[in-house]
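Trainee: PDB, C-alpha atoms, saved as final-v4.pdb, coming up:
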ATOM      1  CA  MET S  19       0.000   0.000   0.000
ATOM      2  CA  VAL S  20       2.727   2.443  -0.898
ATOM      3  CA  LYS S  21       1.005   5.531  -2.224
ATOM      4  CA  SER S  22       3.302   8.318  -1.058
ATOM      5  CA  VAL S  23       6.927   8.113  -2.028
ATOM      6  CA  THR S  24       7.976  11.780  -2.101
ATOM      7  CA  ASN S  25       6.473  13.188   1.089
ATOM      8  CA  PHE S  26       8.669  13.529   4.178
ATOM      9  CA  GLY S  27       7.473  10.851   6.558
ATOM     10  CA  ARG S  28       5.814   8.452   4.091
ATOM     11  CA  SER S  29       2.581   8.966   6.008
ATOM     12  CA  GLY S  30       0.221  11.904   6.199
ATOM     13  CA  VAL S  31      -0.213  11.566   9.957
ATOM     14  CA  SER S  32       3.543  11.527  10.477
ATOM     15  CA  ASP S  33       3.937  14.604   8.254
ATOM     16  CA  TRP S  34       1.106  16.365  10.099
ATOM     17  CA  MET S  35       2.796  15.807  13.458
ATOM     18  CA  MET S  36       6.304  16.604  12.202
ATOM     19  CA  GLN S  37       5.046  19.854  10.654
ATOM     20  CA  ARG S  38       3.697  21.014  14.010
ATOM     21  CA  VAL S  39       6.666  19.947  16.126
ATOM     22  CA  SER S  40       9.096  21.591  13.698
ATOM     23  CA  ALA S  41       6.897  24.715  13.609
ATOM     24  CA  VAL S  42       7.149  25.123  17.385
ATOM     25  CA  ILE S  43      10.945  24.665  17.302
ATOM     26  CA  LEU S  44      11.298  27.209  14.479
ATOM     27  CA  ALA S  45       9.006  29.699  16.230
ATOM     28  CA  LEU S  46      11.010  29.438  19.472
ATOM     29  CA  TYR S  47      14.333  29.832  17.625
ATOM     30  CA  THR S  48      13.064  32.821  15.634
ATOM     31  CA  LEU S  49      11.626  34.563  18.693
ATOM     32  CA  PHE S  50      14.807  33.886  20.661
ATOM     33  CA  LEU S  51      17.032  35.404  17.942
ATOM     34  CA  VAL S  52      14.769  38.429  17.469
ATOM     35  CA  GLY S  53      14.620  38.958  21.240
ATOM     36  CA  TYR S  54      18.387  38.631  21.550
ATOM     37  CA  VAL S  55      19.067  41.144  18.774
ATOM     38  CA  LEU S  56      16.458  43.584  20.124
ATOM     39  CA  ALA S  57      17.939  43.354  23.636
ATOM     40  CA  ALA S  58      21.367  44.424  22.340
ATOM     41  CA  PRO S  59      20.894  47.271  19.831
ATOM     42  CA  GLU S  60      24.604  48.090  19.735
ATOM     43  CA  MET S  61      25.759  44.521  19.261
ATOM     44  CA  GLY S  62      29.256  44.064  17.884
ATOM     45  CA  TYR S  63      30.967  41.102  16.314
ATOM     46  CA  ALA S  64      32.364  39.748  19.608
ATOM     47  CA  GLN S  65      28.946  39.396  21.224
ATOM     48  CA  TRP S  66      27.302  38.063  18.060
ATOM     49  CA  ALA S  67      29.994  35.433  17.414
ATOM     50  CA  GLY S  68      30.154  34.711  21.151
ATOM     51  CA  LEU S  69      26.509  33.686  21.118
ATOM     52  CA  PHE S  70      26.917  31.261  18.198
ATOM     53  CA  GLU S  71      30.083  29.777  19.730
ATOM     54  CA  GLN S  72      28.208  28.502  22.773
ATOM     55  CA  THR S  73      27.607  24.754  22.681
ATOM     56  CA  TRP S  74      23.937  25.113  23.656
ATOM     57  CA  MET S  75      23.465  27.659  20.836
ATOM     58  CA  ARG S  76      25.120  25.314  18.309
ATOM     59  CA  ILE S  77      22.738  22.568  19.428
ATOM     60  CA  PHE S  78      19.736  24.930  19.353
ATOM     61  CA  SER S  79      20.774  26.123  15.868
ATOM     62  CA  MET S  80      21.205  22.547  14.587
ATOM     63  CA  LEU S  81      17.806  21.630  16.005
ATOM     64  CA  ALA S  82      16.272  24.618  14.197
ATOM     65  CA  LEU S  83      18.130  23.746  10.982
ATOM     66  CA  LEU S  84      16.855  20.149  11.010
ATOM     67  CA  ALA S  85      13.354  21.415  11.862
ATOM     68  CA  LEU S  86      13.618  23.822   8.909
ATOM     69  CA  ILE S  87      14.530  20.982   6.521
ATOM     70  CA  ALA S  88      11.582  18.834   7.656
ATOM     71  CA  HIS S  89       9.171  21.790   7.773
ATOM     72  CA  ALA S  90      10.120  23.094   4.329
ATOM     73  CA  TRP S  91      10.120  19.582   2.808
ATOM     74  CA  ILE S  92       6.572  18.957   4.025
ATOM     75  CA  GLY S  93       5.358  22.474   3.185
ATOM     76  CA  VAL S  94       6.841  22.639  -0.287
ATOM     77  CA  TRP S  95       5.667  19.074  -1.024
ATOM     78  CA  THR S  96       2.131  20.136  -0.064
ATOM     79  CA  VAL S  97       2.242  23.160  -2.345
ATOM     80  CA  ILE S  98       3.850  21.294  -5.270
ATOM     81  CA  THR S  99       1.362  18.415  -5.185
ATOM     82  CA  ASP S 100      -1.549  20.865  -4.986
ATOM     83  CA  TYR S 101      -0.609  23.019  -7.943
ATOM     84  CA  PHE S 102       1.633  20.924 -10.188
ATOM     85  CA  HIS S 103      -0.096  18.092 -12.013
ATOM     86  CA  GLY S 104       1.894  15.543 -13.924
ATOM     87  CA  THR S 105       4.644  13.251 -12.731
ATOM     88  CA  ALA S 106       7.479  14.911 -14.637
ATOM     89  CA  ILE S 107       6.892  18.464 -13.396
ATOM     90  CA  ARG S 108       6.259  17.252  -9.851
ATOM     91  CA  PHE S 109       9.398  15.149  -9.853
ATOM     92  CA  LEU S 110      11.426  18.062 -11.192
ATOM     93  CA  ALA S 111      10.025  20.576  -8.673
ATOM     94  CA  GLN S 112      10.384  18.147  -5.778
ATOM     95  CA  THR S 113      13.956  17.257  -6.726
ATOM     96  CA  LEU S 114      14.899  20.923  -7.032
ATOM     97  CA  SER S 115      13.382  21.828  -3.655
ATOM     98  CA  VAL S 116      15.082  18.898  -1.898
ATOM     99  CA  LEU S 117      18.384  19.827  -3.538
ATOM    100  CA  ILE S 118      18.027  23.397  -2.211
ATOM    101  CA  LEU S 119      17.249  22.025   1.268
ATOM    102  CA  PHE S 120      20.313  19.776   1.086
ATOM    103  CA  VAL S 121      22.449  22.830   0.303
ATOM    104  CA  TYR S 122      20.867  24.703   3.251
ATOM    105  CA  LEU S 123      21.600  21.748   5.533
ATOM    106  CA  ILE S 124      25.283  21.428   4.640
ATOM    107  CA  TRP S 125      25.750  25.208   4.512
ATOM    108  CA  GLY S 126      24.078  25.569   7.907
ATOM    109  CA  ILE S 127      26.237  22.855   9.476
ATOM    110  CA  GLN S 128      29.301  24.653   8.144
ATOM    111  CA  ILE S 129      28.098  27.965   9.609
ATOM    112  CA  PHE S 130      27.149  26.608  13.020
ATOM    113  CA  TRP S 131      30.032  24.163  13.510
ATOM    114  CA  GLY S 132      32.777  25.786  11.473
ATOM    115  CA  LEU S 133      33.352  28.717  13.791
TER     116      LEU S 133
ATOM    117  CA  MET Z   7     -31.708  20.794 -15.463
ATOM    118  CA  ASN Z   8     -33.172  24.176 -14.694
ATOM    119  CA  THR Z   9     -31.686  26.464 -17.298
ATOM    120  CA  LYS Z  10     -33.149  29.553 -15.623
ATOM    121  CA  ARG Z  11     -30.994  29.190 -12.563
ATOM    122  CA  PRO Z  12     -29.063  32.329 -11.676
ATOM    123  CA  VAL Z  13     -25.538  32.449 -12.971
ATOM    124  CA  ASN Z  14     -23.100  34.816 -11.391
ATOM    125  CA  LEU Z  15     -19.729  34.930 -13.045
ATOM    126  CA  ASP Z  16     -19.092  38.567 -12.232
ATOM    127  CA  LEU Z  17     -15.537  38.311 -10.937
ATOM    128  CA  GLY Z  18     -15.967  41.666  -9.231
ATOM    129  CA  LYS Z  19     -18.619  40.082  -7.038
ATOM    130  CA  LEU Z  20     -16.964  36.730  -6.453
ATOM    131  CA  HIS Z  21     -14.228  36.871  -3.872
ATOM    132  CA  PHE Z  22     -12.344  34.666  -1.453
ATOM    133  CA  PRO Z  23     -13.479  34.870   2.157
ATOM    134  CA  LEU Z  24     -10.812  36.266   4.494
ATOM    135  CA  PRO Z  25      -9.834  32.881   6.020
ATOM    136  CA  ALA Z  26      -9.079  31.619   2.483
ATOM    137  CA  ILE Z  27      -6.867  34.650   1.793
ATOM    138  CA  ILE Z  28      -5.077  34.036   5.112
ATOM    139  CA  SER Z  29      -4.493  30.443   4.017
ATOM    140  CA  ILE Z  30      -3.090  31.234   0.569
ATOM    141  CA  LEU Z  31      -0.871  33.960   2.056
ATOM    142  CA  HIS Z  32       0.453  31.369   4.492
ATOM    143  CA  ARG Z  33       1.573  29.295   1.508
ATOM    144  CA  ILE Z  34       3.018  32.267  -0.378
ATOM    145  CA  SER Z  35       4.891  33.511   2.696
ATOM    146  CA  GLY Z  36       6.232  29.996   3.232
ATOM    147  CA  ILE Z  37       7.687  29.989  -0.283
ATOM    148  CA  ILE Z  38       9.168  33.467   0.320
ATOM    149  CA  VAL Z  39      10.897  32.223   3.487
ATOM    150  CA  PHE Z  40      12.059  29.055   1.678
ATOM    151  CA  ILE Z  41      13.792  31.151  -0.996
ATOM    152  CA  GLY Z  42      14.783  33.991   1.366
ATOM    153  CA  MET Z  43      16.542  31.503   3.643
ATOM    154  CA  ALA Z  44      19.426  31.516   1.134
ATOM    155  CA  ILE Z  45      19.887  35.259   1.757
ATOM    156  CA  LEU Z  46      19.515  34.881   5.545
ATOM    157  CA  LEU Z  47      22.100  32.063   5.600
ATOM    158  CA  PHE Z  48      24.408  34.170   3.423
ATOM    159  CA  LEU Z  49      24.125  37.112   5.849
ATOM    160  CA  LEU Z  50      24.601  34.866   8.896
ATOM    161  CA  ASP Z  51      27.594  33.113   7.327
ATOM    162  CA  ARG Z  52      29.261  36.417   6.513
ATOM    163  CA  SER Z  53      28.420  38.072   9.830
ATOM    164  CA  LEU Z  54      30.074  35.182  11.694
ATOM    165  CA  SER Z  55      33.106  34.968   9.394
ATOM    166  CA  GLY Z  56      35.034  37.615  11.343
ATOM    167  CA  GLU Z  57      35.127  41.246  12.384
ATOM    168  CA  SER Z  58      35.391  42.474   8.790
ATOM    169  CA  GLY Z  59      32.615  40.127   7.635
ATOM    170  CA  PHE Z  60      30.348  41.410  10.410
ATOM    171  CA  ASN Z  61      31.058  45.010   9.407
ATOM    172  CA  SER Z  62      30.508  44.241   5.719
ATOM    173  CA  VAL Z  63      27.036  42.861   6.534
ATOM    174  CA  ALA Z  64      26.308  45.984   8.585
ATOM    175  CA  SER Z  65      27.346  48.266   5.715
ATOM    176  CA  LEU Z  66      25.519  46.082   3.161
ATOM    177  CA  LEU Z  67      22.345  46.578   5.173
ATOM    178  CA  ASP Z  68      22.784  50.366   4.903
ATOM    179  CA  ASN Z  69      21.782  49.985   1.261
ATOM    180  CA  PRO Z  70      18.062  50.868   0.799
ATOM    181  CA  LEU Z  71      17.506  47.974  -1.660
ATOM    182  CA  ALA Z  72      19.103  45.507   0.780
ATOM    183  CA  LYS Z  73      16.883  46.893   3.557
ATOM    184  CA  LEU Z  74      13.829  46.406   1.337
ATOM    185  CA  ILE Z  75      14.764  42.792   0.497
ATOM    186  CA  LEU Z  76      15.466  41.990   4.156
ATOM    187  CA  TRP Z  77      12.167  43.583   5.158
ATOM    188  CA  GLY Z  78      10.367  41.476   2.547
ATOM    189  CA  ILE Z  79      11.895  38.231   3.844
ATOM    190  CA  LEU Z  80      11.298  39.111   7.508
ATOM    191  CA  ALA Z  81       7.735  40.218   6.685
ATOM    192  CA  GLY Z  82       7.148  36.816   5.061
ATOM    193  CA  LEU Z  83       8.656  35.094   8.094
ATOM    194  CA  ALA Z  84       6.590  37.167  10.548
ATOM    195  CA  TYR Z  85       3.358  36.516   8.674
ATOM    196  CA  HIS Z  86       4.124  32.807   8.320
ATOM    197  CA  LEU Z  87       4.819  32.563  12.064
ATOM    198  CA  ILE Z  88       1.668  34.452  13.087
ATOM    199  CA  ALA Z  89      -0.607  32.539  10.690
ATOM    200  CA  GLY Z  90       1.135  29.356  11.880
ATOM    201  CA  VAL Z  91       0.275  30.150  15.503
ATOM    202  CA  LYS Z  92      -3.349  30.620  14.417
ATOM    203  CA  HIS Z  93      -3.101  27.197  12.755
ATOM    204  CA  LEU Z  94      -1.767  25.578  15.940
ATOM    205  CA  ILE Z  95      -4.512  27.199  18.001
ATOM    206  CA  ALA Z  96      -7.069  25.842  15.517
ATOM    207  CA  ASP Z  97      -5.549  22.368  16.014
ATOM    208  CA  PHE Z  98      -6.812  22.607  19.585
ATOM    209  CA  GLY Z  99     -10.298  23.232  18.241
ATOM    210  CA  ILE Z 100     -10.306  26.981  18.870
ATOM    211  CA  GLY Z 101     -11.402  29.252  16.048
ATOM    212  CA  GLU Z 102     -12.866  26.582  13.811
ATOM    213  CA  GLU Z 103     -16.474  27.758  13.603
ATOM    214  CA  LEU Z 104     -17.521  30.243  10.927
ATOM    215  CA  ALA Z 105     -17.682  33.292  13.193
ATOM    216  CA  SER Z 106     -14.593  32.469  15.267
ATOM    217  CA  ALA Z 107     -12.596  31.524  12.149
ATOM    218  CA  ARG Z 108     -13.387  34.915  10.632
ATOM    219  CA  LEU Z 109     -12.389  36.612  13.861
ATOM    220  CA  ALA Z 110      -9.127  34.625  13.999
ATOM    221  CA  ALA Z 111      -8.423  35.570  10.371
ATOM    222  CA  LYS Z 112      -9.001  39.258  11.152
ATOM    223  CA  ALA Z 113      -6.752  39.026  14.210
ATOM    224  CA  THR Z 114      -4.048  37.435  12.041
ATOM    225  CA  VAL Z 115      -4.224  40.339   9.584
ATOM    226  CA  VAL Z 116      -4.155  43.015  12.292
ATOM    227  CA  ILE Z 117      -1.296  41.454  14.283
ATOM    228  CA  SER Z 118       0.707  40.768  11.104
ATOM    229  CA  VAL Z 119       0.338  44.322   9.806
ATOM    230  CA  ILE Z 120       1.463  45.749  13.158
ATOM    231  CA  VAL Z 121       4.467  43.404  13.381
ATOM    232  CA  ILE Z 122       5.482  43.986   9.740
ATOM    233  CA  VAL Z 123       5.296  47.784  10.186
ATOM    234  CA  LEU Z 124       7.377  47.502  13.377
ATOM    235  CA  LEU Z 125       9.912  45.374  11.469
ATOM    236  CA  GLY Z 126      10.117  48.125   8.861
ATOM    237  CA  VAL Z 127      10.710  50.741  11.571
ATOM    238  CA  TRP Z 128      13.399  48.514  13.092
ATOM    239  CA  ILE Z 129      15.195  47.971   9.774
ATOM    240  CA  TRP Z 130      15.133  51.670   8.815
TER     241      TRP Z 130
END
Represent the structure of the file as structure tokens.
Mentor:
Amino acid sequence: MVKSVTNFGRSGVSDWMMQRVSAVILALYTLFLVGYVLAAPEMGYAQWAGLFEQTWMRIFSMLALLALIAHAWIGVWTVITDYFHGTAIRFLAQTLSVLILFVYLIWGIQIFWGL
Amino acid sequence: MNTKRPVNLDLGKLHFPLPAIISILHRISGIIVFIGMAILLFLLDRSLSGESGFNSVASLLDNPLAKLILWGILAGLAYHLIAGVKHLIADFGIGEELASARLAAKATVVISVIVIVLLGVWIW
């Protein structure tokens, strides 16, 4: 009974749950970063880099990055399968979006762990 | 079939209800964030690359066009987050009836506009 081969979790219920869990993680990360930047209007490089050098911040950032990959995969899949009809165009659009997410993942790891 | 039935194809009279507009904007803003993430990662990468990289991002963001692009991405992110919170609240069964869904949609618009304007003030 394999009907979904390109969605994230191979099951709609799994995708539904993953979308919400990742959304909460991304919301918390976004609000934290905005709050941090707002709290220090005259932030310089030392403070900014100092934040991202902390181990807990690297972990928090990686968590947000992985949540972003899952969230965007599910979201873009939903949009593509709603508006693009035809296997070829869907496959192309899905491949392109996953490729972009792969670049984001590796790029993000380099940013957060390459300091 | 009753051929005398009223036909209304006046596109000026047909329109999406507000909750539907909120929903499609959630999708559009999601795509904006998906694409804009490349720019945000670029800025983060450069700002963390060293003192000179940090300063180059700061001076890049003095450019009015760069400010506009950043505002656009952050506006998309803010809207997506706010509409997403509405979505999560609806998952708990709140704001799912016709009247409450319309109210939630209106609240989403009002809060989003305020936050996006504040983001603009912050960037400029």
Trainee: Quick one: which residues from chain S are at most 10 Å off chain Z, using all atoms listed in the file, as an mmCIF file with C-alpha atoms, in the coordinates of the input?
Mentor:
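Below is the file that was written, part.cif:
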data_model
loop_
_atom_site.group_PDB
_atom_site.id
_atom_site.type_symbol
_atom_site.label_atom_id
_atom_site.label_comp_id
_atom_site.auth_asym_id
_atom_site.auth_seq_id
_atom_site.Cartn_x
_atom_site.Cartn_y
_atom_site.Cartn_z
ATOM 1 C CA ARG S 38 3.697 21.014 14.010
ATOM 2 C CA ALA S 41 6.897 24.715 13.609
ATOM 3 C CA VAL S 42 7.149 25.123 17.385
ATOM 4 C CA LEU S 44 11.298 27.209 14.479
ATOM 5 C CA ALA S 45 9.006 29.699 16.230
ATOM 6 C CA THR S 48 13.064 32.821 15.634
ATOM 7 C CA LEU S 49 11.626 34.563 18.693
ATOM 8 C CA LEU S 56 16.458 43.584 20.124
ATOM 9 C CA GLY S 62 29.256 44.064 17.884
ATOM 10 C CA TYR S 63 30.967 41.102 16.314
ATOM 11 C CA ALA S 64 32.364 39.748 19.608
ATOM 12 C CA TRP S 66 27.302 38.063 18.060
ATOM 13 C CA ALA S 67 29.994 35.433 17.414
ATOM 14 C CA GLY S 68 30.154 34.711 21.151
ATOM 15 C CA PHE S 70 26.917 31.261 18.198
ATOM 16 C CA GLU S 71 30.083 29.777 19.730
ATOM 17 C CA LEU S 86 13.618 23.822 8.909
ATOM 18 C CA ILE S 87 14.530 20.982 6.521
ATOM 19 C CA HIS S 89 9.171 21.790 7.773
ATOM 20 C CA ALA S 90 10.120 23.094 4.329
ATOM 21 C CA TRP S 91 10.120 19.582 2.808
ATOM 22 C CA GLY S 93 5.358 22.474 3.185
ATOM 23 C CA VAL S 94 6.841 22.639 -0.287
ATOM 24 C CA THR S 96 2.131 20.136 -0.064
ATOM 25 C CA VAL S 97 2.242 23.160 -2.345
ATOM 26 C CA SER S 115 13.382 21.828 -3.655
ATOM 27 C CA ILE S 118 18.027 23.397 -2.211
ATOM 28 C CA LEU S 119 17.249 22.025 1.268
ATOM 29 C CA VAL S 121 22.449 22.830 0.303
ATOM 30 C CA TYR S 122 20.867 24.703 3.251
ATOM 31 C CA TRP S 125 25.750 25.208 4.512
ATOM 32 C CA GLY S 126 24.078 25.569 7.907
ATOM 33 C CA GLN S 128 29.301 24.653 8.144
ATOM 34 C CA ILE S 129 28.098 27.965 9.609
ATOM 35 C CA PHE S 130 27.149 26.608 13.020
ATOM 36 C CA GLY S 132 32.777 25.786 11.473
ATOM 37 C CA LEU S 133 33.352 28.717 13.791
#
Trainee: If we count only C-alpha atoms, what is near Ala88 of chain S at a cut-off of 9 Å, once residues fewer than 4 positions away on the same chain are taken out, given as a PyMOL selection string?
Mentor: chain S and resi 26+33+36-37+40+83-84+92-93
Trainee: Output as lines of an AutoDock Vina configuration file the centre and edge lengths (Å, one decimal) of the box along x, y and z of the file that holds every listed atom of segment 109-119 of chain Z after adding 6 Å on each side.
Mentor:
center_x = -5.8
center_y = 39.5
center_z = 11.9
size_x = 25.1
size_y = 21.7
size_z = 16.7
Trainee: State, in Å with one decimal place, the distance from atom CA of Glu60 of chain S to atom CA of Leu66 of chain Z.
Mentor: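 Computed distance, atom CA of Glu60 of chain S to atom CA of Leu66 of chain Z, equals 16.7 Å.
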Trainee: To one decimal place, how far is atom CA of Ile120 of chain Z from atom CA of Ala57 of chain S in Å?
Mentor: 19.7 Å
Trainee: In terms of the shortest atom-to-atom distance over all atoms listed in the file, which of S:Ala85, S:Leu51, S:Ile77, S:Ile107 is closest to Val39 of chain S?
Mentor: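 Counting all atoms listed in the file, the residue closest to Val39 of chain S is S:Ala85.
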Trainee: Go ahead and compute the interatomic distance for atom CA of Trp131 of chain S and atom CA of Ala82 of chain S, in Å to one decimal.
Mentor: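 Interatomic distance here is 13.8 Å.
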Trainee: Quick check on the file I pasted: which residues fall under the PyMOL selection byres ((chain Z and resi 115) around 12)? Write them as number ranges by chain.
Mentor: Z: 24-25, 27-29, 31-32, 84-86, 88-89, 92, 108-114, 116-122
Trainee: What's the 12 Å shell around Lys73 of chain Z, counting all atoms listed in the file, without same-chain residues fewer than 2 positions away, as a PyMOL selection string?
Mentor: chain Z and resi 63-71+75-81+125-130
Trainee: Could you pull the residues within 10 Å of Phe109 of chain S, counting only C-alpha atoms, minus those fewer than 6 positions along the same chain, as a ChimeraX atom specification?
Mentor: /S:24,98-99,102,115
